[in-house]
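Enquirer: For reference, the file target_29.tsv (TSV, C-alpha atoms) is included below:
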```tsv
chain	number	residue	atom	x	y	z
A	622	MET	CA	116.61	103.02	75.95
A	623	LEU	CA	117.20	102.09	79.59
A	624	GLN	CA	120.52	103.49	80.77
A	625	ASP	CA	120.39	103.82	84.58
A	626	TYR	CA	119.03	101.78	87.48
A	627	LEU	CA	119.13	103.70	90.75
A	628	PHE	CA	118.63	102.64	94.38
A	629	PRO	CA	117.61	105.61	96.56
A	630	GLU	CA	117.87	105.07	100.31
A	631	THR	CA	115.32	107.69	101.33
A	632	ILE	CA	112.06	109.08	99.98
A	633	SER	CA	113.62	112.51	99.46
A	634	GLU	CA	116.43	110.95	97.44
A	635	ALA	CA	113.93	109.08	95.26
A	636	VAL	CA	112.04	112.32	94.60
A	637	SER	CA	115.34	114.05	93.83
A	638	PHE	CA	116.20	111.35	91.28
A	639	LEU	CA	112.81	111.83	89.61
A	640	LYS	CA	113.36	115.58	89.39
A	641	SER	CA	116.93	115.36	88.09
A	642	ASN	CA	115.92	112.97	85.31
A	643	GLU	CA	113.39	115.51	84.03
A	644	GLY	CA	110.52	113.18	83.22
A	645	GLN	CA	112.64	110.35	81.85
A	646	ALA	CA	112.67	108.16	84.97
A	647	ARG	CA	110.09	105.73	86.35
A	648	VAL	CA	109.67	104.25	89.82
A	649	ILE	CA	109.92	100.47	90.15
A	650	ALA	CA	109.05	98.25	93.11
A	651	GLY	CA	107.48	94.98	91.94
A	652	GLY	CA	107.68	95.80	88.23
A	653	THR	CA	105.26	93.06	87.18
A	654	ASP	CA	103.51	95.41	84.75
A	655	LEU	CA	106.28	97.94	84.13
A	656	LEU	CA	108.81	95.37	82.91
A	657	LEU	CA	106.30	94.19	80.31
A	658	ASP	CA	105.27	97.69	79.26
A	659	ILE	CA	108.81	98.92	78.59
A	660	PRO	CA	109.79	96.40	75.86
A	661	GLU	CA	106.34	96.74	74.32
A	662	GLY	CA	106.91	100.48	73.99
A	663	LYS	CA	103.96	101.46	76.19
A	664	ILE	CA	106.33	103.28	78.54
A	665	LYS	CA	109.50	105.03	77.43
A	666	THR	CA	112.16	105.54	80.09
A	667	SER	CA	115.92	105.85	80.36
A	668	CYS	CA	116.09	105.35	84.12
A	669	LEU	CA	114.44	103.12	86.71
A	670	ILE	CA	114.34	104.18	90.36
A	671	ASP	CA	114.08	101.13	92.61
A	672	ILE	CA	112.44	102.03	95.94
A	673	THR	CA	112.74	98.60	97.59
A	674	ARG	CA	115.77	99.68	99.66
A	675	ILE	CA	113.89	102.48	101.42
A	676	PRO	CA	113.13	100.74	104.75
A	677	GLU	CA	109.83	102.44	105.69
A	678	LEU	CA	108.28	101.69	102.29
A	679	SER	CA	108.36	97.93	102.93
A	680	LYS	CA	106.37	98.13	106.15
A	681	ILE	CA	102.76	97.81	107.27
A	682	THR	CA	102.22	99.84	110.44
A	683	LEU	CA	99.46	100.91	112.81
A	684	GLU	CA	99.83	104.46	114.12
A	685	ASP	CA	97.15	106.43	115.97
A	686	GLY	CA	94.43	104.15	114.70
A	687	MET	CA	95.59	104.41	111.06
A	688	ILE	CA	97.00	101.51	109.05
A	689	ARG	CA	99.79	102.59	106.72
A	690	ILE	CA	101.03	100.46	103.84
A	691	GLY	CA	104.30	101.39	102.17
A	692	ALA	CA	104.87	101.55	98.44
A	693	ALA	CA	107.08	98.44	98.38
A	694	VAL	CA	104.65	96.20	100.33
A	695	THR	CA	103.72	93.17	98.24
A	696	HIS	CA	100.34	91.52	97.90
A	697	ASN	CA	101.51	88.50	99.87
A	698	GLN	CA	102.72	90.76	102.68
A	699	ALA	CA	99.28	92.34	102.87
A	700	ALA	CA	97.43	89.04	102.53
A	701	ASN	CA	99.47	87.39	105.29
A	702	SER	CA	99.61	90.34	107.67
A	703	GLU	CA	97.78	89.59	110.93
A	704	LEU	CA	97.07	93.31	111.28
A	705	ILE	CA	95.41	93.48	107.84
A	706	GLN	CA	93.52	90.23	108.40
A	707	GLU	CA	92.13	91.49	111.70
A	708	LYS	CA	91.54	95.17	110.95
A	709	ALA	CA	91.02	95.25	107.16
A	710	ALA	CA	89.74	91.83	106.08
A	711	ALA	CA	88.60	93.10	102.68
A	712	LEU	CA	92.16	94.06	101.75
A	713	ALA	CA	93.67	90.80	103.01
A	714	TYR	CA	91.35	88.74	100.81
A	715	ALA	CA	91.63	91.08	97.81
A	716	ALA	CA	95.43	90.89	97.96
A	717	SER	CA	95.26	87.09	98.01
A	718	CYS	CA	93.25	87.10	94.77
A	719	VAL	CA	95.81	88.88	92.59
A	720	GLY	CA	97.62	86.73	90.01
A	721	SER	CA	99.71	83.75	91.07
A	722	TYR	CA	101.64	83.23	94.30
A	723	GLN	CA	104.84	84.18	92.49
A	724	ILE	CA	103.28	87.40	91.19
A	725	ARG	CA	101.98	88.27	94.65
A	726	ASN	CA	105.50	87.89	96.02
A	727	SER	CA	106.68	90.70	93.72
A	728	ALA	CA	103.69	92.87	92.80
A	729	THR	CA	102.91	95.69	95.22
A	730	VAL	CA	99.60	96.91	96.57
A	731	ILE	CA	100.35	100.51	95.59
A	732	GLY	CA	101.54	99.42	92.16
A	733	ASN	CA	98.11	97.82	91.70
A	734	VAL	CA	96.57	101.22	92.46
A	735	CYS	CA	98.94	103.27	90.28
A	736	ASN	CA	98.41	100.98	87.30
A	737	ALA	CA	94.85	102.38	87.31
A	738	GLN	CA	93.04	99.35	85.98
A	739	PRO	CA	89.32	99.62	86.87
A	740	ALA	CA	89.07	96.19	88.51
A	741	ALA	CA	92.35	96.22	90.45
A	742	ASP	CA	91.38	94.05	93.41
A	743	THR	CA	93.33	95.83	96.12
A	744	ALA	CA	92.29	99.26	94.83
A	745	VAL	CA	88.62	98.27	95.14
A	746	ALA	CA	89.19	97.13	98.72
A	747	LEU	CA	91.13	100.30	99.58
A	748	VAL	CA	88.32	102.51	98.28
A	749	ALA	CA	85.82	100.69	100.51
A	750	LEU	CA	88.21	101.11	103.45
A	751	GLY	CA	88.39	104.87	102.84
A	752	ALA	CA	92.08	104.88	101.94
A	753	THR	CA	94.13	107.95	101.09
A	754	ALA	CA	97.28	107.97	98.97
A	755	GLU	CA	100.30	109.97	100.15
A	756	ILE	CA	102.03	111.39	97.09
A	757	ALA	CA	105.52	112.89	97.29
A	758	ALA	CA	107.02	115.22	94.69
A	759	ALA	CA	109.64	117.94	94.48
A	760	GLY	CA	107.02	120.53	95.40
A	761	GLY	CA	105.89	118.75	98.55
A	762	THR	CA	103.46	116.05	99.65
A	763	GLU	CA	99.75	115.80	98.91
A	764	TYR	CA	97.04	113.44	100.12
A	765	VAL	CA	94.45	112.11	97.67
A	766	PRO	CA	91.62	109.60	98.20
A	767	VAL	CA	92.46	106.43	96.29
A	768	GLU	CA	89.35	106.69	94.10
A	769	LYS	CA	90.52	110.16	93.00
A	770	THR	CA	93.77	108.75	91.59
A	771	TYR	CA	91.85	107.39	88.59
A	772	ALA	CA	91.78	109.65	85.52
A	773	GLY	CA	90.28	107.00	83.22
A	774	VAL	CA	90.74	103.37	82.26
A	775	GLY	CA	94.44	102.66	82.75
A	776	LYS	CA	95.13	106.35	83.41
A	777	SER	CA	96.29	107.63	86.78
A	778	THR	CA	96.27	111.18	88.09
A	779	VAL	CA	99.69	110.36	89.57
A	780	ASP	CA	102.50	111.47	87.26
A	781	SER	CA	104.84	108.50	87.55
A	782	ALA	CA	107.70	110.52	86.02
A	783	SER	CA	107.70	113.13	88.80
A	784	GLN	CA	105.61	111.78	91.70
A	785	LEU	CA	105.97	108.87	94.11
A	786	VAL	CA	103.05	107.35	96.01
A	787	THR	CA	104.88	106.59	99.22
A	788	ARG	CA	102.05	104.88	101.12
A	789	VAL	CA	98.32	104.50	101.50
A	790	SER	CA	96.57	104.88	104.83
A	791	PHE	CA	93.11	104.13	106.20
A	792	PRO	CA	91.42	103.76	109.60
A	793	ALA	CA	91.78	100.37	111.25
A	794	ALA	CA	88.44	98.71	111.91
A	795	LEU	CA	87.08	99.39	115.36
A	796	LYS	CA	84.73	97.28	117.45
A	797	ASN	CA	81.45	96.69	115.57
A	798	GLN	CA	83.11	97.52	112.25
A	799	GLY	CA	83.94	95.01	109.53
A	800	SER	CA	84.85	94.74	105.87
A	801	ALA	CA	84.63	92.11	103.15
A	802	PHE	CA	85.61	91.51	99.53
A	803	VAL	CA	83.91	89.25	96.98
A	804	ARG	CA	85.00	88.42	93.46
A	805	LEU	CA	83.48	86.78	90.40
A	806	HIS	CA	85.97	85.18	88.01
A	807	GLN	CA	86.10	82.40	85.47
A	808	ARG	CA	88.54	80.14	87.31
A	809	ASN	CA	90.28	79.89	90.63
A	810	ALA	CA	93.68	81.36	89.71
A	811	LEU	CA	95.34	83.79	87.30
A	812	ALA	CA	91.99	85.19	86.14
A	813	LEU	CA	91.00	88.84	85.98
A	814	PRO	CA	87.78	89.57	87.84
A	815	MET	CA	84.52	89.69	85.94
A	816	LEU	CA	83.21	91.73	88.87
A	817	ASN	CA	84.48	92.53	92.34
A	818	VAL	CA	82.90	94.30	95.29
A	819	ALA	CA	84.23	95.47	98.65
A	820	ALA	CA	82.19	96.73	101.58
A	821	MET	CA	82.96	98.32	104.94
A	822	VAL	CA	80.26	98.72	107.60
A	823	ALA	CA	79.91	100.21	111.06
A	824	LEU	CA	77.10	98.87	113.27
A	825	GLU	CA	75.49	100.07	116.48
A	826	GLY	CA	72.40	98.83	118.26
A	827	GLY	CA	71.35	96.53	115.44
A	828	LYS	CA	71.58	99.32	112.87
A	829	PHE	CA	74.05	100.48	110.22
A	830	GLN	CA	75.84	103.63	111.33
A	831	TRP	CA	77.39	103.93	107.89
A	832	ALA	CA	78.66	101.82	105.01
A	833	ARG	CA	81.05	102.18	102.11
A	834	ILE	CA	80.64	100.01	99.01
A	835	ALA	CA	83.07	99.92	96.07
A	836	MET	CA	82.37	98.05	92.82
A	837	ALA	CA	84.38	97.24	89.68
A	838	PRO	CA	84.76	97.05	86.75
A	839	VAL	CA	81.60	99.10	86.27
A	840	GLY	CA	83.27	102.40	85.38
A	841	PRO	CA	86.71	103.91	84.71
A	842	GLY	CA	87.80	103.02	88.25
A	843	PRO	CA	86.37	101.62	91.48
A	844	VAL	CA	82.85	103.07	91.80
A	845	ARG	CA	81.12	103.91	95.07
A	846	ALA	CA	77.51	102.70	95.40
A	847	LEU	CA	76.38	105.95	97.00
A	848	SER	CA	72.62	105.30	96.79
A	849	ALA	CA	73.08	101.93	98.48
A	850	GLU	CA	75.20	103.53	101.20
A	851	GLU	CA	72.49	106.10	101.86
A	852	ILE	CA	69.83	103.38	102.20
A	853	LEU	CA	71.93	101.56	104.79
A	854	LYS	CA	72.70	104.61	106.92
A	855	GLY	CA	70.64	104.33	110.11
A	856	ALA	CA	68.69	101.33	108.83
A	857	GLY	CA	68.28	98.04	110.65
A	858	VAL	CA	70.68	95.21	109.90
A	859	THR	CA	68.17	93.01	108.08
A	860	THR	CA	68.20	90.90	104.93
A	861	GLU	CA	65.47	93.12	103.47
A	862	VAL	CA	67.49	96.31	103.91
A	863	ILE	CA	70.63	94.71	102.52
A	864	GLU	CA	68.73	93.42	99.48
A	865	LYS	CA	67.26	96.88	98.86
A	866	ALA	CA	70.75	98.40	99.04
A	867	ALA	CA	72.14	95.72	96.73
A	868	GLN	CA	69.56	96.58	94.07
A	869	ALA	CA	70.20	100.31	94.51
A	870	ALA	CA	73.89	99.75	93.77
A	871	LEU	CA	72.94	99.28	90.12
A	872	GLU	CA	72.21	103.02	89.88
A	873	HIS	CA	75.95	103.70	89.87
A	874	ALA	CA	77.11	100.77	87.74
A	875	ASN	CA	77.70	100.90	84.01
A	876	PRO	CA	79.52	97.70	83.01
A	877	ARG	CA	80.23	97.18	79.32
A	878	SER	CA	80.05	93.95	77.40
A	879	SER	CA	83.40	92.21	77.20
A	880	ALA	CA	84.57	88.97	75.63
A	881	LEU	CA	86.79	88.50	78.68
A	882	ARG	CA	84.43	89.53	81.46
A	883	GLY	CA	80.99	88.71	80.05
A	884	SER	CA	78.07	90.69	78.70
A	885	LYS	CA	76.73	93.87	80.24
A	886	GLU	CA	73.40	92.16	80.83
A	887	TYR	CA	74.96	89.24	82.69
A	888	ARG	CA	77.15	91.36	84.91
A	889	THR	CA	74.31	93.76	85.66
A	890	SER	CA	72.16	90.84	86.81
A	891	VAL	CA	74.93	89.40	88.99
A	892	LEU	CA	76.22	92.60	90.59
A	893	PRO	CA	73.46	92.92	93.25
A	894	VAL	CA	74.23	89.37	94.39
A	895	LEU	CA	77.88	90.28	94.96
A	896	VAL	CA	76.95	93.49	96.78
A	897	ARG	CA	74.61	91.53	99.03
A	898	ARG	CA	77.28	88.92	99.78
A	899	ALA	CA	79.90	91.57	100.53
A	900	LEU	CA	77.56	93.38	102.93
A	901	GLU	CA	76.50	90.18	104.67
A	902	GLN	CA	80.10	89.11	105.18
A	903	ALA	CA	81.09	92.58	106.35
A	904	VAL	CA	78.30	92.40	108.95
A	905	VAL	CA	79.62	89.02	110.11
A	906	ASN	CA	83.16	90.40	110.28
A	907	ALA	CA	81.80	93.25	112.41
A	908	GLY	CA	80.66	90.64	114.92
A	909	SER	CA	76.97	90.67	114.11
A	910	SER	CA	74.43	88.94	111.86
A	911	CYS	CA	71.46	89.84	109.68
A	912	LYS	CA	67.90	89.42	110.95
```
For this file, produce the structure as structure tokens.

Expert:
Amino acid sequence: MLQDYLFPETISEAVSFLKSNEGQARVIAGGTDLLLDIPEGKIKTSCLIDITRIPELSKITLEDGMIRIGAAVTHNQAANSELIQEKAAALAYAASCVGSYQIRNSATVIGNVCNAQPAADTAVALVALGATAEIAAAGGTEYVPVEKTYAGVGKSTVDSASQLVTRVSFPAALKNQGSAFVRLHQRNALALPMLNVAAMVALEGGKFQWARIAMAPVGPGPVRALSAEEILKGAGVTTEVIEKAAQAALEHANPRSSALRGSKEYRTSVLPVLVRRALEQAVVNAGSSCK
């Protein structure tokens, strides 16, 4: 039964509250999933620790070439941020795809990650952007790549009863770098993705320096298309190369048939199309075009 609702004013105070409640507390920011899970009995807690009054956790900042997004930053904040739109286009669009406008006003980007659903739109974008989660606990702070925070479908490596993901950080796009996010869904709003793909590319002299591609839901969390990334490295920016990489992405995808998201066969056939579109748009956002 819920007994306490606490408002820490600093990160250290929030961590102290988690420790003193000995596994019985949970962190809340947006609460769009948590406040449904508690009455349904999926999560048992006697104390909620509201982090929305910790000033630095509600900010998006650029420091030393790194974009940092605090734990209380909402999807609409990310979607409407000029910094994110300019330097991390994939995340801006992914954030705009989550739920309804009202949900995006409350739900947080980091909450989307910690909920550990395989097709979490902003998590997929963050993986493509090379994001790292900063995780605070009584024993200190650790830094974990976002893709490593997934322990399985709906299972996070972050212990929400003792740890607080304070922010995620990733390099801001430089000149000749660009990112993009594409999504397949059944309708224009309030629909979970059937598939989503994010890509980040760096170009030089008409060639790919490197690329990162994240796909979902084709595994227990966002999945990197490593074979496709290897094909692109050092290759010319051409439609043929991108198509080859898009087909190679299937090597790392294992979608299952779902009444909600479609059959395995359908999603397998569509996935290369989405990878191709994400790469093409990322190239455009990097200020170039395919030959």

Enquirer: Expressed in Å to a single decimal, how great is the separation between CA of Ala867 (chain A) and CA of Phe802 (chain A)?

Expert: 14.4 Å

Enquirer: Considering all atoms listed in the file, tabulate each residue of region 652-754 of chain A that lies at most 7 Å from region 835-850 of chain A along with its nearest interatomic pair and the corresponding distance in Å to one decimal; arrange the rows by chain and ascending residue number and present them as CSV.

Expert:
```
residue,atom,partner,partner_atom,distance
A:Gln738,CA,A:Gly842,CA,6.8
A:Pro739,CA,A:Gly842,CA,4.0
A:Ala740,CA,A:Pro838,CA,4.7
A:Val745,CA,A:Pro843,CA,5.4
A:Val748,CA,A:Ala835,CA,6.3
A:Ala749,CA,A:Ala835,CA,5.3
```

Enquirer: Write a file of the selected residues as a PDB file, keeping the file's coordinate frame, keeping C-alpha atoms.

Expert:
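Now in part-v3.pdb:
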```
ATOM      1  CA  GLN A 738      93.040  99.350  85.980  1.00  0.00           C
ATOM      2  CA  PRO A 739      89.320  99.620  86.870  1.00  0.00           C
ATOM      3  CA  ALA A 740      89.070  96.190  88.510  1.00  0.00           C
ATOM      4  CA  VAL A 745      88.620  98.270  95.140  1.00  0.00           C
ATOM      5  CA  VAL A 748      88.320 102.510  98.280  1.00  0.00           C
ATOM      6  CA  ALA A 749      85.820 100.690 100.510  1.00  0.00           C
TER       7      ALA A 749
END
```

Enquirer: For CA of Val648 (chain A) and CA of Ile681 (chain A), quote the distance in Å rounded to one decimal.

Expert: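 Atom-to-atom, CA of Val648 (chain A) to CA of Ile681 (chain A), that is 19.8 Å.
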
Enquirer: Using all atoms listed in the file, which of A:Gly883, A:Leu750, A:Asp780, A:Gly760 sits nearest Ala903 (chain A)?

Expert: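 Smallest separation from Ala903 (chain A) among the options: A:Leu750.
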
Enquirer: Between CA of Thr743 (chain A) and CA of Val719 (chain A), what is the distance, to one decimal in Å?

Expert: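 Interatomic distance, CA of Thr743 (chain A) to CA of Val719 (chain A): 8.2 Å.
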
Enquirer: I'd like to know which of A:Asn726, A:Asn906, A:Asn875, A:Gln830 is closest to Lys854 (chain A), using all atoms listed in the file.

Expert: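 Residue with the minimum atom-to-atom distance to Lys854 (chain A): A:Gln830.
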
Enquirer: I'd like the neighbourhood of Ser679 (chain A) as a list of chain:residue names, where a residue qualifies if any of its atoms comes within 6 Å (using all atoms listed in the file), though same-chain residues fewer than 2 positions away should be ignored.

Expert: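 Once the adjacent positions are removed, what remains is A:Pro676, A:Glu677, A:Gly691, A:Ala693, A:Val694.
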
Enquirer: Please return as a PyMOL selection string every residue within 10 Å of (96.6, 106.9, 113.4), taking into account all atoms listed in the file and the file's own coordinates.

Expert: chain A and resi 682-689+790-793

Enquirer: What does the file look like for those residues with C-alpha atoms, as a short mmCIF file (atom, residue, chain, number, x, y, z; two decimals), in the coordinates of the input?

Expert:
```
data_model
loop_
_atom_site.label_atom_id
_atom_site.label_comp_id
_atom_site.auth_asym_id
_atom_site.auth_seq_id
_atom_site.Cartn_x
_atom_site.Cartn_y
_atom_site.Cartn_z
CA THR A 682 102.22 99.84 110.44
CA LEU A 683 99.46 100.91 112.81
CA GLU A 684 99.83 104.46 114.12
CA ASP A 685 97.15 106.43 115.97
CA GLY A 686 94.43 104.15 114.70
CA MET A 687 95.59 104.41 111.06
CA ILE A 688 97.00 101.51 109.05
CA ARG A 689 99.79 102.59 106.72
CA SER A 790 96.57 104.88 104.83
CA PHE A 791 93.11 104.13 106.20
CA PRO A 792 91.42 103.76 109.60
CA ALA A 793 91.78 100.37 111.25
#
```

Enquirer: Do a neighbour search on Glu630 (chain A) at 8 Å with only C-alpha atoms, toss out local chain neighbours closer than 3 positions, and write the hits as a PyMOL selection string.

Expert: chain A and resi 634-635+672+674-676

Enquirer: Is there a way to get, as a PyMOL selection string, all residues within 12 Å of the point (93.7, 87.4, 90.7) in file coordinates, counting all atoms listed in the file?

Expert: chain A and resi 696+714-725+728+733+740-743+803-817

Enquirer: Considering only C-alpha atoms, state which residue in the set A:Val858, A:Glu661, A:Ile834, A:Gly761 is at the smallest distance from Leu871 (chain A).

Expert: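 Among A:Val858, A:Glu661, A:Ile834, A:Gly761, it is A:Ile834 that comes nearest to Leu871 (chain A).
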